[in-house]
file entry36.cif (mmCIF, C-alpha atoms)
data_data
#
loop_
_atom_site.label_atom_id
_atom_site.label_comp_id
_atom_site.auth_asym_id
_atom_site.auth_seq_id
_atom_site.Cartn_x
_atom_site.Cartn_y
_atom_site.Cartn_z
CA MET X 1478 -17.58 -37.02 -40.13
CA PRO X 1479 -17.87 -39.65 -42.94
CA SER X 1480 -19.53 -43.00 -42.22
CA VAL X 1481 -17.67 -45.87 -40.59
CA ALA X 1482 -17.60 -47.74 -43.93
CA ILE X 1483 -15.96 -44.81 -45.76
CA LEU X 1484 -13.37 -44.34 -42.99
CA CYS X 1485 -12.62 -48.06 -43.11
CA LEU X 1486 -12.19 -47.96 -46.93
CA LEU X 1487 -9.93 -44.90 -46.77
CA GLY X 1488 -7.81 -46.60 -44.10
CA THR X 1489 -7.53 -49.76 -46.25
CA PHE X 1490 -6.55 -47.80 -49.36
CA CYS X 1491 -3.88 -45.65 -47.70
CA ALA X 1492 -2.33 -48.41 -45.55
CA PHE X 1493 -2.19 -50.63 -48.67
CA LEU X 1494 -0.25 -47.92 -50.54
CA GLY X 1495 1.93 -47.37 -47.49
CA ALA X 1496 2.88 -51.05 -47.18
CA VAL X 1497 3.55 -51.56 -50.90
CA ALA X 1498 5.59 -48.41 -51.51
CA GLY X 1499 6.76 -47.47 -48.00
CA ILE X 1500 5.35 -43.96 -48.19
CA GLY X 1501 3.59 -43.97 -44.81
CA GLY X 1502 0.15 -43.07 -46.09
CA ALA X 1503 -0.88 -40.09 -43.93
CA THR X 1504 0.17 -37.64 -46.67
CA VAL X 1505 -2.44 -39.25 -48.94
CA LEU X 1506 -5.06 -39.95 -46.27
CA VAL X 1507 -5.19 -36.54 -44.58
CA PRO X 1508 -6.19 -34.61 -47.77
CA LEU X 1509 -8.76 -37.35 -48.55
CA LEU X 1510 -10.20 -37.08 -45.02
CA LEU X 1511 -10.40 -33.29 -45.33
CA LEU X 1512 -12.22 -33.72 -48.66
CA SER X 1513 -14.67 -36.12 -46.96
CA GLY X 1514 -15.54 -33.51 -44.37
CA VAL X 1515 -13.34 -34.45 -41.40
CA GLU X 1516 -12.21 -31.48 -39.29
CA PRO X 1517 -8.46 -30.71 -39.70
CA ARG X 1518 -8.01 -31.11 -35.90
CA LEU X 1519 -9.14 -34.75 -36.17
CA ALA X 1520 -7.75 -35.61 -39.62
CA ALA X 1521 -4.07 -35.61 -38.60
CA PRO X 1522 -4.55 -38.10 -35.70
CA LEU X 1523 -6.58 -40.40 -38.00
CA GLY X 1524 -3.77 -40.21 -40.56
CA MET X 1525 -1.23 -41.28 -37.94
CA ILE X 1526 -3.52 -44.07 -36.71
CA THR X 1527 -3.61 -45.45 -40.26
CA VAL X 1528 0.18 -45.34 -40.49
CA ALA X 1529 0.65 -47.05 -37.09
CA ALA X 1530 -1.92 -49.79 -37.79
CA GLY X 1531 -0.71 -50.35 -41.37
CA SER X 1532 2.88 -50.64 -40.15
CA LEU X 1533 1.90 -53.22 -37.50
CA ALA X 1534 -0.16 -55.25 -39.96
CA ALA X 1535 2.71 -55.35 -42.48
CA ALA X 1536 5.37 -56.10 -39.84
CA SER X 1537 4.99 -59.85 -39.48
CA ARG X 1538 5.12 -60.56 -43.22
CA GLN X 1539 8.05 -58.19 -43.75
CA LEU X 1540 9.96 -59.77 -40.83
CA ASP X 1541 9.40 -63.27 -42.23
CA ASP X 1542 10.62 -62.10 -45.67
CA GLY X 1543 13.76 -60.53 -44.10
CA VAL X 1544 13.23 -57.21 -45.89
CA VAL X 1545 13.27 -54.87 -42.86
CA HIS X 1546 16.71 -53.49 -41.95
CA HIS X 1547 16.13 -52.47 -38.32
CA ARG X 1548 19.62 -51.04 -37.77
CA LEU X 1549 19.39 -48.82 -40.85
CA GLY X 1550 15.79 -47.86 -40.04
CA LEU X 1551 16.55 -46.84 -36.47
CA SER X 1552 19.65 -44.89 -37.55
CA VAL X 1553 17.57 -42.97 -40.12
CA GLU X 1554 14.77 -42.49 -37.57
CA LEU X 1555 17.16 -41.10 -34.95
CA PHE X 1556 18.52 -38.44 -37.30
CA ALA X 1557 15.06 -37.69 -38.71
CA SER X 1558 13.69 -37.25 -35.15
CA ILE X 1559 16.41 -34.73 -34.36
CA GLY X 1560 15.28 -32.84 -37.49
CA THR X 1561 11.62 -33.21 -36.57
CA VAL X 1562 12.15 -31.57 -33.16
CA THR X 1563 14.11 -28.73 -34.84
CA GLY X 1564 11.38 -28.35 -37.48
CA ALA X 1565 8.61 -28.33 -34.89
CA LEU X 1566 10.41 -25.55 -33.00
CA LEU X 1567 10.85 -23.53 -36.24
CA SER X 1568 7.33 -24.19 -37.54
CA ALA X 1569 5.84 -20.90 -36.38
CA SER X 1570 8.35 -18.88 -38.41
CA ILE X 1571 7.73 -20.37 -41.91
CA SER X 1572 4.64 -19.77 -44.04
CA GLU X 1573 2.37 -22.75 -44.75
CA VAL X 1574 2.43 -22.09 -48.49
CA TRP X 1575 6.22 -22.32 -48.69
CA LEU X 1576 6.14 -25.33 -46.43
CA ALA X 1577 3.73 -27.15 -48.74
CA ARG X 1578 5.89 -26.26 -51.74
CA MET X 1579 9.01 -27.61 -49.97
CA LEU X 1580 7.19 -30.87 -49.18
CA GLY X 1581 5.90 -31.15 -52.74
CA THR X 1582 9.33 -30.50 -54.20
CA ALA X 1583 10.89 -33.16 -51.93
CA ALA X 1584 8.26 -35.67 -53.10
CA LEU X 1585 8.81 -34.70 -56.74
CA ILE X 1586 12.60 -35.20 -56.50
CA GLY X 1587 12.01 -38.63 -54.95
CA ALA X 1588 9.53 -39.49 -57.72
CA ILE X 1589 11.91 -38.49 -60.52
CA ALA X 1590 14.79 -40.42 -58.94
CA ALA X 1591 12.66 -43.56 -58.51
CA ILE X 1592 11.11 -43.49 -62.00
CA ALA X 1593 14.26 -42.48 -63.90
CA ARG X 1594 16.47 -45.32 -62.60
CA LYS X 1595 16.62 -48.42 -64.78
CA GLY X 1596 17.72 -52.00 -64.10
CA VAL X 1597 18.61 -53.72 -60.86
CA ARG X 1598 21.44 -52.16 -58.84
CA ASN X 1599 22.25 -55.07 -56.51
CA LYS X 1600 22.94 -58.35 -58.32
CA PRO X 1601 22.29 -61.87 -56.98
CA SER X 1602 25.36 -63.62 -55.57
CA GLY X 1603 25.67 -67.42 -55.43
CA ILE X 1604 27.78 -67.38 -52.28
CA PHE X 1605 24.86 -66.32 -50.07
CA ASP X 1606 22.35 -68.90 -51.32
CA ASP X 1607 22.52 -70.97 -48.14
CA GLU X 1608 21.64 -67.97 -45.95
CA SER X 1609 18.20 -66.77 -44.97
CA ALA X 1610 17.61 -63.19 -46.11
CA GLY X 1611 17.99 -60.40 -43.58
CA GLU X 1612 20.23 -57.76 -42.06
CA TRP X 1613 23.77 -58.58 -40.97
CA PRO X 1614 24.56 -57.99 -37.27
CA GLY X 1615 26.56 -54.85 -36.51
CA THR X 1616 26.43 -53.46 -40.07
CA LEU X 1617 24.18 -51.54 -42.44
CA GLY X 1618 24.30 -54.41 -44.94
CA GLY X 1619 22.44 -57.63 -45.48
CA THR X 1620 20.74 -59.81 -48.03
CA TYR X 1621 17.28 -59.98 -49.55
CA THR X 1622 15.54 -62.46 -51.81
CA LEU X 1623 15.03 -61.53 -55.46
CA LYS X 1624 12.96 -64.25 -57.16
CA ASP X 1625 14.87 -67.38 -56.06
CA ALA X 1626 18.28 -65.75 -55.62
CA VAL X 1627 19.83 -64.11 -52.55
CA VAL X 1628 21.13 -60.60 -53.18
CA PRO X 1629 23.71 -58.93 -50.91
CA TYR X 1630 23.65 -55.17 -50.37
CA GLN X 1631 25.47 -52.60 -48.27
CA ALA X 1632 24.22 -49.07 -47.49
CA LYS X 1633 26.41 -46.44 -49.16
CA ASN X 1634 26.75 -42.67 -48.64
CA VAL X 1635 25.65 -43.25 -45.03
CA GLY X 1636 26.76 -39.84 -43.71
CA PHE X 1637 25.04 -38.02 -46.58
CA GLY X 1638 21.91 -40.15 -46.23
CA LEU X 1639 21.68 -39.46 -42.49
CA GLY X 1640 22.23 -35.74 -43.21
CA ILE X 1641 19.30 -35.83 -45.65
CA SER X 1642 17.29 -37.65 -42.95
CA VAL X 1643 17.81 -34.63 -40.67
CA PHE X 1644 16.50 -32.42 -43.49
CA THR X 1645 13.48 -34.69 -44.11
CA GLY X 1646 12.87 -34.61 -40.35
CA ILE X 1647 12.95 -30.79 -40.38
CA VAL X 1648 10.41 -30.72 -43.24
CA SER X 1649 8.23 -33.27 -41.37
CA GLY X 1650 8.42 -31.26 -38.16
CA LEU X 1651 7.59 -28.02 -39.99
CA ALA X 1652 4.62 -29.56 -41.78
CA GLY X 1653 3.41 -32.00 -39.11
CA VAL X 1654 3.56 -35.08 -41.37
CA GLY X 1655 5.29 -38.44 -40.82
CA GLY X 1656 7.65 -38.06 -43.77
CA GLY X 1657 7.65 -41.74 -44.84
CA PHE X 1658 7.41 -40.58 -48.46
CA MET X 1659 10.83 -38.92 -48.09
CA LYS X 1660 12.52 -41.72 -46.12
CA THR X 1661 12.03 -44.43 -48.78
CA PRO X 1662 13.77 -42.46 -51.59
CA THR X 1663 16.52 -41.37 -49.17
CA MET X 1664 17.34 -45.00 -48.37
CA SER X 1665 16.86 -46.31 -51.89
CA GLU X 1666 18.30 -43.52 -54.06
CA VAL X 1667 20.89 -41.92 -51.76
CA MET X 1668 22.00 -44.86 -49.60
CA LYS X 1669 21.59 -47.33 -52.52
CA VAL X 1670 19.61 -49.87 -50.51
CA PRO X 1671 17.29 -52.13 -52.60
CA VAL X 1672 13.88 -50.47 -52.95
CA LYS X 1673 11.99 -53.39 -51.37
CA VAL X 1674 14.21 -53.18 -48.29
CA ALA X 1675 13.90 -49.37 -48.25
CA ALA X 1676 10.09 -49.53 -48.51
CA ALA X 1677 9.73 -52.18 -45.77
CA THR X 1678 12.21 -50.38 -43.50
CA SER X 1679 10.35 -47.11 -44.08
CA THR X 1680 7.06 -48.84 -43.14
CA PHE X 1681 8.70 -49.99 -39.88
CA ILE X 1682 10.03 -46.54 -38.92
CA SER X 1683 6.82 -44.80 -40.03
CA GLY X 1684 5.13 -46.84 -37.28
CA ILE X 1685 7.51 -45.33 -34.71
CA THR X 1686 6.94 -41.79 -36.02
CA ALA X 1687 3.17 -42.36 -35.97
CA SER X 1688 3.26 -43.77 -32.47
CA THR X 1689 5.18 -40.70 -31.23
CA ALA X 1690 2.71 -38.35 -32.94
CA LEU X 1691 -0.26 -40.33 -31.56
CA LEU X 1692 1.16 -40.09 -28.05
CA ILE X 1693 1.20 -36.31 -28.40
CA TYR X 1694 -2.28 -36.16 -30.03
CA GLY X 1695 -3.58 -38.43 -27.24
CA ILE X 1696 -2.19 -36.08 -24.58
CA GLN X 1697 -3.86 -33.18 -26.43
CA GLY X 1698 -7.21 -35.08 -26.47
CA ARG X 1699 -7.45 -35.11 -30.27
CA VAL X 1700 -8.15 -38.84 -30.79
CA GLU X 1701 -11.81 -39.84 -31.22
CA VAL X 1702 -12.14 -43.57 -30.58
CA ARG X 1703 -14.98 -44.67 -32.90
CA PRO X 1704 -13.59 -43.11 -36.12
CA ALA X 1705 -10.14 -44.30 -35.01
CA ALA X 1706 -11.44 -47.89 -34.68
CA ALA X 1707 -12.93 -47.78 -38.20
CA VAL X 1708 -9.68 -46.48 -39.66
CA VAL X 1709 -7.66 -49.09 -37.71
CA LEU X 1710 -9.76 -51.95 -39.05
CA GLY X 1711 -9.29 -50.74 -42.63
CA ALA X 1712 -5.57 -50.08 -42.12
CA LEU X 1713 -4.99 -53.60 -40.77
CA ILE X 1714 -6.55 -55.07 -43.91
CA GLY X 1715 -4.64 -52.64 -46.15
CA GLY X 1716 -1.29 -53.09 -44.40
CA PHE X 1717 -1.54 -56.89 -44.43
CA SER X 1718 -2.55 -57.16 -48.09
CA GLY X 1719 -0.04 -54.46 -49.15
CA ALA X 1720 2.83 -56.37 -47.52
CA ARG X 1721 1.72 -59.62 -49.21
CA LEU X 1722 1.59 -57.92 -52.60
CA GLN X 1723 4.96 -56.21 -52.09
CA SER X 1724 6.67 -59.53 -51.39
CA ARG X 1725 5.41 -60.87 -54.76
CA LEU X 1726 6.25 -57.83 -56.90
CA ASN X 1727 9.66 -57.38 -58.48
CA ALA X 1728 11.93 -54.51 -57.40
CA SER X 1729 11.42 -52.51 -60.57
CA THR X 1730 7.61 -52.55 -60.19
CA VAL X 1731 7.85 -51.49 -56.53
CA ARG X 1732 10.18 -48.65 -57.56
CA LYS X 1733 7.81 -47.46 -60.28
CA MET X 1734 4.82 -47.64 -57.93
CA THR X 1735 6.73 -45.66 -55.30
CA GLY X 1736 7.67 -43.08 -57.95
CA LEU X 1737 4.09 -42.70 -59.19
CA LEU X 1738 2.74 -42.37 -55.66
CA LEU X 1739 5.36 -39.76 -54.82
CA ALA X 1740 4.38 -37.84 -57.96
CA ALA X 1741 0.72 -38.01 -56.83
CA VAL X 1742 1.72 -36.74 -53.37
CA ALA X 1743 3.65 -33.87 -55.00
CA VAL X 1744 0.62 -32.90 -57.12
CA LEU X 1745 -1.70 -33.07 -54.07
CA VAL X 1746 0.58 -31.02 -51.85
CA ILE X 1747 1.76 -28.42 -54.38
CA GLY X 1748 -1.75 -28.18 -55.89
CA GLY X 1749 -3.20 -27.43 -52.47
CA SER X 1750 -0.73 -24.59 -51.93
CA LEU X 1751 -1.55 -22.70 -55.17
CA MET T 746 30.49 -67.58 -60.96
CA SER T 747 34.27 -67.37 -61.29
CA ASP T 748 36.59 -67.71 -58.33
CA SER T 749 37.80 -64.13 -58.65
CA SER T 750 34.30 -62.67 -58.59
CA THR T 751 33.45 -64.79 -55.54
CA GLY T 752 36.55 -63.49 -53.83
CA ASN T 753 35.56 -59.90 -54.56
CA GLU T 754 32.04 -60.51 -53.27
CA GLU T 755 33.40 -61.96 -50.03
CA GLU T 756 35.69 -58.98 -49.65
CA ARG T 757 32.85 -56.50 -50.24
CA PHE T 758 30.29 -58.28 -48.10
CA PRO T 759 31.48 -59.74 -44.78
CA ARG T 760 29.96 -63.22 -44.47
CA VAL T 761 27.71 -63.46 -41.45
CA VAL T 762 25.64 -66.61 -41.17
CA HIS T 763 22.39 -66.37 -39.27
CA GLY T 764 19.74 -69.01 -38.79
CA PRO T 765 16.38 -69.02 -40.54
CA ASN T 766 13.32 -67.61 -38.73
CA ARG T 767 15.48 -65.69 -36.27
CA PHE T 768 12.65 -63.19 -35.74
CA SER T 769 9.93 -65.84 -35.51
CA ALA T 770 9.18 -65.01 -31.84
CA LEU T 771 8.80 -61.30 -32.64
CA SER T 772 6.77 -62.07 -35.74
CA LEU T 773 4.36 -64.34 -33.82
CA TRP T 774 4.02 -61.76 -31.06
CA LEU T 775 3.17 -59.07 -33.66
CA GLN T 776 0.62 -61.35 -35.38
CA ARG T 777 -1.17 -61.93 -32.07
CA SER T 778 -1.11 -58.20 -31.28
CA VAL T 779 -2.70 -57.45 -34.66
CA ILE T 780 -5.53 -59.92 -33.90
CA VAL T 781 -6.11 -58.26 -30.49
CA ILE T 782 -6.10 -54.80 -32.13
CA ALA T 783 -8.60 -55.94 -34.79
CA LEU T 784 -10.92 -57.36 -32.09
CA LEU T 785 -10.67 -54.16 -30.05
CA ALA T 786 -11.46 -52.10 -33.17
CA VAL T 787 -14.59 -54.18 -33.86
CA LEU T 788 -15.69 -53.93 -30.20
CA THR T 789 -15.13 -50.15 -30.20
CA MET T 790 -17.39 -49.81 -33.25
CA LEU T 791 -20.14 -52.11 -31.93
CA LEU T 792 -20.31 -51.52 -28.17
CA PRO T 793 -22.35 -48.72 -26.53
CA ALA T 794 -20.43 -45.45 -26.03
CA THR T 795 -19.54 -46.05 -22.34
CA PHE T 796 -17.72 -49.31 -23.14
CA ALA T 797 -16.50 -48.16 -26.56
CA ILE T 798 -14.49 -45.35 -24.99
CA LYS T 799 -12.67 -47.86 -22.77
CA THR T 800 -11.91 -50.38 -25.53
CA GLY T 801 -10.96 -47.49 -27.83
CA MET T 802 -8.49 -46.16 -25.28
CA VAL T 803 -6.89 -49.59 -24.92
CA LEU T 804 -6.72 -49.76 -28.73
CA VAL T 805 -4.94 -46.40 -29.02
CA VAL T 806 -2.56 -47.27 -26.16
CA LEU T 807 -1.65 -50.52 -27.96
CA LEU T 808 -1.10 -48.68 -31.25
CA ILE T 809 1.25 -46.28 -29.47
CA SER T 810 3.12 -48.84 -27.40
CA LEU T 811 3.62 -51.74 -29.84
CA PRO T 812 6.04 -50.00 -32.26
CA LEU T 813 7.99 -48.72 -29.24
CA ALA T 814 7.98 -52.19 -27.66
CA ARG T 815 9.43 -53.54 -30.91
CA VAL T 816 12.29 -51.02 -30.65
CA LEU T 817 12.80 -52.00 -26.99
CA TRP T 818 12.93 -55.66 -28.05
CA PHE T 819 15.80 -54.81 -30.40
CA VAL T 820 17.61 -52.81 -27.68
CA GLN T 821 17.70 -55.85 -25.37
CA ARG T 822 18.53 -58.24 -28.25
CA TRP T 823 21.42 -56.15 -29.49
CA ILE T 824 22.78 -55.58 -25.96
CA ARG T 825 22.72 -59.35 -25.35
CA ARG T 826 24.56 -59.93 -28.64
CA GLY T 827 27.19 -57.24 -27.99
CA ASP T 828 25.99 -54.93 -30.78
CA LEU T 829 26.24 -51.93 -28.47
CA ARG T 830 26.51 -49.30 -31.21
CA PHE T 831 23.08 -50.07 -32.67
CA ALA T 832 21.61 -50.81 -29.22
CA SER T 833 22.50 -47.20 -28.29
CA VAL T 834 20.96 -45.89 -31.54
CA ALA T 835 17.70 -47.73 -30.74
CA ALA T 836 17.77 -46.51 -27.12
CA ALA T 837 18.36 -42.95 -28.35
CA VAL T 838 15.26 -43.19 -30.59
CA LEU T 839 13.21 -44.15 -27.51
CA LEU T 840 14.72 -41.22 -25.59
CA VAL T 841 13.73 -38.79 -28.36
CA VAL T 842 10.15 -40.18 -28.27
CA ALA T 843 10.07 -39.75 -24.48
CA ALA T 844 11.41 -36.19 -24.78
CA GLY T 845 8.74 -35.37 -27.38
CA ALA T 846 5.98 -36.69 -25.08
CA LEU T 847 7.35 -34.74 -22.11
CA LEU T 848 7.50 -31.53 -24.19
CA ALA T 849 3.88 -32.08 -25.28
CA MET T 850 2.77 -32.58 -21.67
CA ALA T 851 4.70 -29.49 -20.53
CA ARG T 852 2.76 -27.37 -23.05
#
call {"tool": "encode", "arguments": {"input": "entry36.cif", "output": "structure tokens"}}
result
Amino acid sequence: MPSVAILCLLGTFCAFLGAVAGIGGATVLVPLLLLSGVEPRLAAPLGMITVAAGSLAAASRQLDDGVVHHRLGLSVELFASIGTVTGALLSASISEVWLARMLGTAALIGAIAAIARKGVRNKPSGIFDDESAGEWPGTLGGTYTLKDAVVPYQAKNVGFGLGISVFTGIVSGLAGVGGGFMKTPTMSEVMKVPVKVAAATSTFISGITASTALLIYGIQGRVEVRPAAAVVLGALIGGFSGARLQSRLNASTVRKMTGLLLAAVAVLVIGGSL
Amino acid sequence: MSDSSTGNEEERFPRVVHGPNRFSALSLWLQRSVIVIALLAVLTMLLPATFAIKTGMVLVVLLISLPLARVLWFVQRWIRRGDLRFASVAAAVLLVVAAGALLAMAR
């Protein structure tokens, strides 16, 4: 097991990436932990601990900024969970190599979609300037702040997006990962939600996925408390600072960062399967 | 902005006015939880093993329960505000989590 300082640094790094780009972070952390000599049995729970702690640390800032769409996030999470259960049940019948390639391909598609898109999709609208940013009750729409302007948005292709969420859930369940890196592009590129909202919403629901996984790992006795504490401390720092940075960056930079991280995830995952 | 474009915007986006800082209570509650979690993490790293196991367990239990408590907070909020469709979605997410935990225990 690496030293407490290294675990803390890894937790900071991955939770920071998770909060800025909404990619969860376990998909990056778990391979890094394995490279640093952590047993695979313990690496997955540490990955989920980072995601849960990073999500909690980012939550307050993201709530104050009005960038989390809870209704959209919980709808996506519900459909993804149905897929995750299906995937977990099917996991014994699919080879790990093909599974890794499927995950890598999903990340690569998300990366291409995020990097290729130009400009800002949702434009500021003067009529919402007197409103605080946030989700609208009873709908999958809302507003968010872009520089000093308030921008309205409404989720589109909802049925298709939720269908893809089932698929991302199946892939997550098959591979045993949180799948945050697939949820952000689903919301931003398929459902046309602004990338900052998609990333913050994905950070929120990644916390729920991680908490479910941790509950199961806890029951299985796979959580070691001292390494977990080191990773938590790092993830709190990373999640907090990532959320602060994300609120200052413009949408196009967040989208490019998400795209580059997804490309890195694709290389890591596909590279490991060759 | 011209009148016609404003009209279109209002047609596309139903105007719902909500007050500022509407999640301030939740936000404050999460900030305090993060401080408690950070303290527990430090204690778990510094205390002797016998005590560290106990503080570590509390830490993990908090990490598991806080995101779920946040969902529960939205269930009650949306029920109180008559947004039953999304309250049921949030409740269904909690049910799936419970089912997953029960399946894990059954194995």
call {"tool": "interface_residues", "arguments": {"input": "entry36.cif", "of": "chain X", "to": "chain T", "cutoff": "7 Å", "atoms": "only C-alpha atoms", "output": "PDB file with C-alpha atoms, keeping the file's coordinate frame"}}
result
ATOM      1  CA  ALA X1529       0.650 -47.050 -37.090  1.00  0.00           C
ATOM      2  CA  ALA X1530      -1.920 -49.790 -37.790  1.00  0.00           C
ATOM      3  CA  LEU X1533       1.900 -53.220 -37.500  1.00  0.00           C
ATOM      4  CA  ALA X1534      -0.160 -55.250 -39.960  1.00  0.00           C
ATOM      5  CA  SER X1537       4.990 -59.850 -39.480  1.00  0.00           C
ATOM      6  CA  LEU X1540       9.960 -59.770 -40.830  1.00  0.00           C
ATOM      7  CA  ASP X1541       9.400 -63.270 -42.230  1.00  0.00           C
ATOM      8  CA  ARG X1548      19.620 -51.040 -37.770  1.00  0.00           C
ATOM      9  CA  LEU X1551      16.550 -46.840 -36.470  1.00  0.00           C
ATOM     10  CA  SER X1552      19.650 -44.890 -37.550  1.00  0.00           C
ATOM     11  CA  LEU X1555      17.160 -41.100 -34.950  1.00  0.00           C
ATOM     12  CA  SER X1558      13.690 -37.250 -35.150  1.00  0.00           C
ATOM     13  CA  GLU X1608      21.640 -67.970 -45.950  1.00  0.00           C
ATOM     14  CA  SER X1609      18.200 -66.770 -44.970  1.00  0.00           C
ATOM     15  CA  TRP X1613      23.770 -58.580 -40.970  1.00  0.00           C
ATOM     16  CA  GLY X1615      26.560 -54.850 -36.510  1.00  0.00           C
ATOM     17  CA  GLY X1684       5.130 -46.840 -37.280  1.00  0.00           C
ATOM     18  CA  ILE X1685       7.510 -45.330 -34.710  1.00  0.00           C
ATOM     19  CA  SER X1688       3.260 -43.770 -32.470  1.00  0.00           C
ATOM     20  CA  THR X1689       5.180 -40.700 -31.230  1.00  0.00           C
ATOM     21  CA  LEU X1691      -0.260 -40.330 -31.560  1.00  0.00           C
ATOM     22  CA  LEU X1692       1.160 -40.090 -28.050  1.00  0.00           C
ATOM     23  CA  ILE X1693       1.200 -36.310 -28.400  1.00  0.00           C
ATOM     24  CA  ILE X1696      -2.190 -36.080 -24.580  1.00  0.00           C
ATOM     25  CA  VAL X1702     -12.140 -43.570 -30.580  1.00  0.00           C
ATOM     26  CA  ARG X1703     -14.980 -44.670 -32.900  1.00  0.00           C
ATOM     27  CA  ALA X1706     -11.440 -47.890 -34.680  1.00  0.00           C
ATOM     28  CA  ALA X1707     -12.930 -47.780 -38.200  1.00  0.00           C
ATOM     29  CA  VAL X1709      -7.660 -49.090 -37.710  1.00  0.00           C
ATOM     30  CA  LEU X1710      -9.760 -51.950 -39.050  1.00  0.00           C
TER      31      LEU X1710
END
call {"tool": "resolve_selection", "arguments": {"input": "entry36.cif", "expression": "the PyMOL selection byres ((chain X and resi 1488) around 6)", "output": "ChimeraX atom specification"}}
result
/X:1485-1487,1489-1492,1527,1708,1711-1712
call {"tool": "residues_around", "arguments": {"input": "entry36.cif", "residues": "Gly1581 (chain X)", "least_positions_apart": "3", "cutoff": "6 Å", "atoms": "all atoms listed in the file", "output": "PyMOL selection string"}}
result
chain X and resi 1578+1584+1743+1746-1747
call {"tool": "residues_near_point", "arguments": {"input": "entry36.cif", "point": "(-1.4, -50.5, -46.7)", "cutoff": "8 Å", "atoms": "only C-alpha atoms", "output": "number ranges by chain"}}
result
X: 1488-1497, 1502, 1531-1532, 1535, 1712-1720
call {"tool": "residues_near_point", "arguments": {"input": "entry36.cif", "point": "(0.6, -37.5, -45.7)", "cutoff": "10 Å", "atoms": "all atoms listed in the file", "output": "short mmCIF file (atom, residue, chain, number, x, y, z; two decimals) with C-alpha atoms, keeping the file's coordinate frame"}}
result
data_model
loop_
_atom_site.label_atom_id
_atom_site.label_comp_id
_atom_site.auth_asym_id
_atom_site.auth_seq_id
_atom_site.Cartn_x
_atom_site.Cartn_y
_atom_site.Cartn_z
CA CYS X 1491 -3.88 -45.65 -47.70
CA ILE X 1500 5.35 -43.96 -48.19
CA GLY X 1501 3.59 -43.97 -44.81
CA GLY X 1502 0.15 -43.07 -46.09
CA ALA X 1503 -0.88 -40.09 -43.93
CA THR X 1504 0.17 -37.64 -46.67
CA VAL X 1505 -2.44 -39.25 -48.94
CA LEU X 1506 -5.06 -39.95 -46.27
CA VAL X 1507 -5.19 -36.54 -44.58
CA PRO X 1508 -6.19 -34.61 -47.77
CA LEU X 1509 -8.76 -37.35 -48.55
CA ALA X 1521 -4.07 -35.61 -38.60
CA GLY X 1524 -3.77 -40.21 -40.56
CA MET X 1525 -1.23 -41.28 -37.94
CA VAL X 1528 0.18 -45.34 -40.49
CA LEU X 1580 7.19 -30.87 -49.18
CA SER X 1649 8.23 -33.27 -41.37
CA ALA X 1652 4.62 -29.56 -41.78
CA GLY X 1653 3.41 -32.00 -39.11
CA VAL X 1654 3.56 -35.08 -41.37
CA GLY X 1655 5.29 -38.44 -40.82
CA GLY X 1656 7.65 -38.06 -43.77
CA GLY X 1657 7.65 -41.74 -44.84
CA PHE X 1658 7.41 -40.58 -48.46
CA VAL X 1742 1.72 -36.74 -53.37
CA LEU X 1745 -1.70 -33.07 -54.07
CA VAL X 1746 0.58 -31.02 -51.85
#
call {"tool": "resolve_selection", "arguments": {"input": "entry36.cif", "expression": "the PyMOL selection byres ((chain X and resi 1561) around 8)", "output": "PyMOL selection string"}}
result
chain X and resi 1557-1560+1562-1565+1643+1645-1651
call {"tool": "closest_residue", "arguments": {"input": "entry36.cif", "among": "X:Gln1697, X:Lys1733, X:Gly1550, X:Trp1575", "to": "Ala851 (chain T)", "atoms": "all atoms listed in the file"}}
result
X:Gln1697
call {"tool": "atom_distance", "arguments": {"input": "entry36.cif", "atom1": "CA of Phe1556 (chain X)", "atom2": "CA of Asn1599 (chain X)"}}
result
25.7 Å
call {"tool": "atom_distance", "arguments": {"input": "entry36.cif", "atom1": "CA of Ala1583 (chain X)", "atom2": "CA of Val1544 (chain X)"}}
result
24.9 Å
call {"tool": "atom_distance", "arguments": {"input": "entry36.cif", "atom1": "CA of Leu1519 (chain X)", "atom2": "CA of Pro1704 (chain X)"}}
result
9.5 Å
call {"tool": "closest_residue", "arguments": {"input": "entry36.cif", "among": "X:Phe1644, X:Leu1585, X:Ser1724, X:His1546", "to": "Gly1619 (chain X)", "atoms": "only C-alpha atoms"}}
result
X:His1546
call {"tool": "axis_aligned_box", "arguments": {"input": "entry36.cif", "around": "region 823-829 of chain T", "padding_each_side": "6 Å", "output": "AutoDock Vina command-line options"}}
result
--center_x 24.3 --center_y -55.9 --center_z -28.1 --size_x 17.8 --size_y 20.0 --size_z 17.4
call {"tool": "resolve_selection", "arguments": {"input": "entry36.cif", "expression": "the PyMOL selection byres ((chain X and resi 1672) around 12)", "output": "ChimeraX atom specification"}}
result
/X:1497-1500,1544-1546,1590-1592,1594,1596-1599,1621,1623,1630,1632,1660-1671,1673-1679,1723-1724,1726-1736
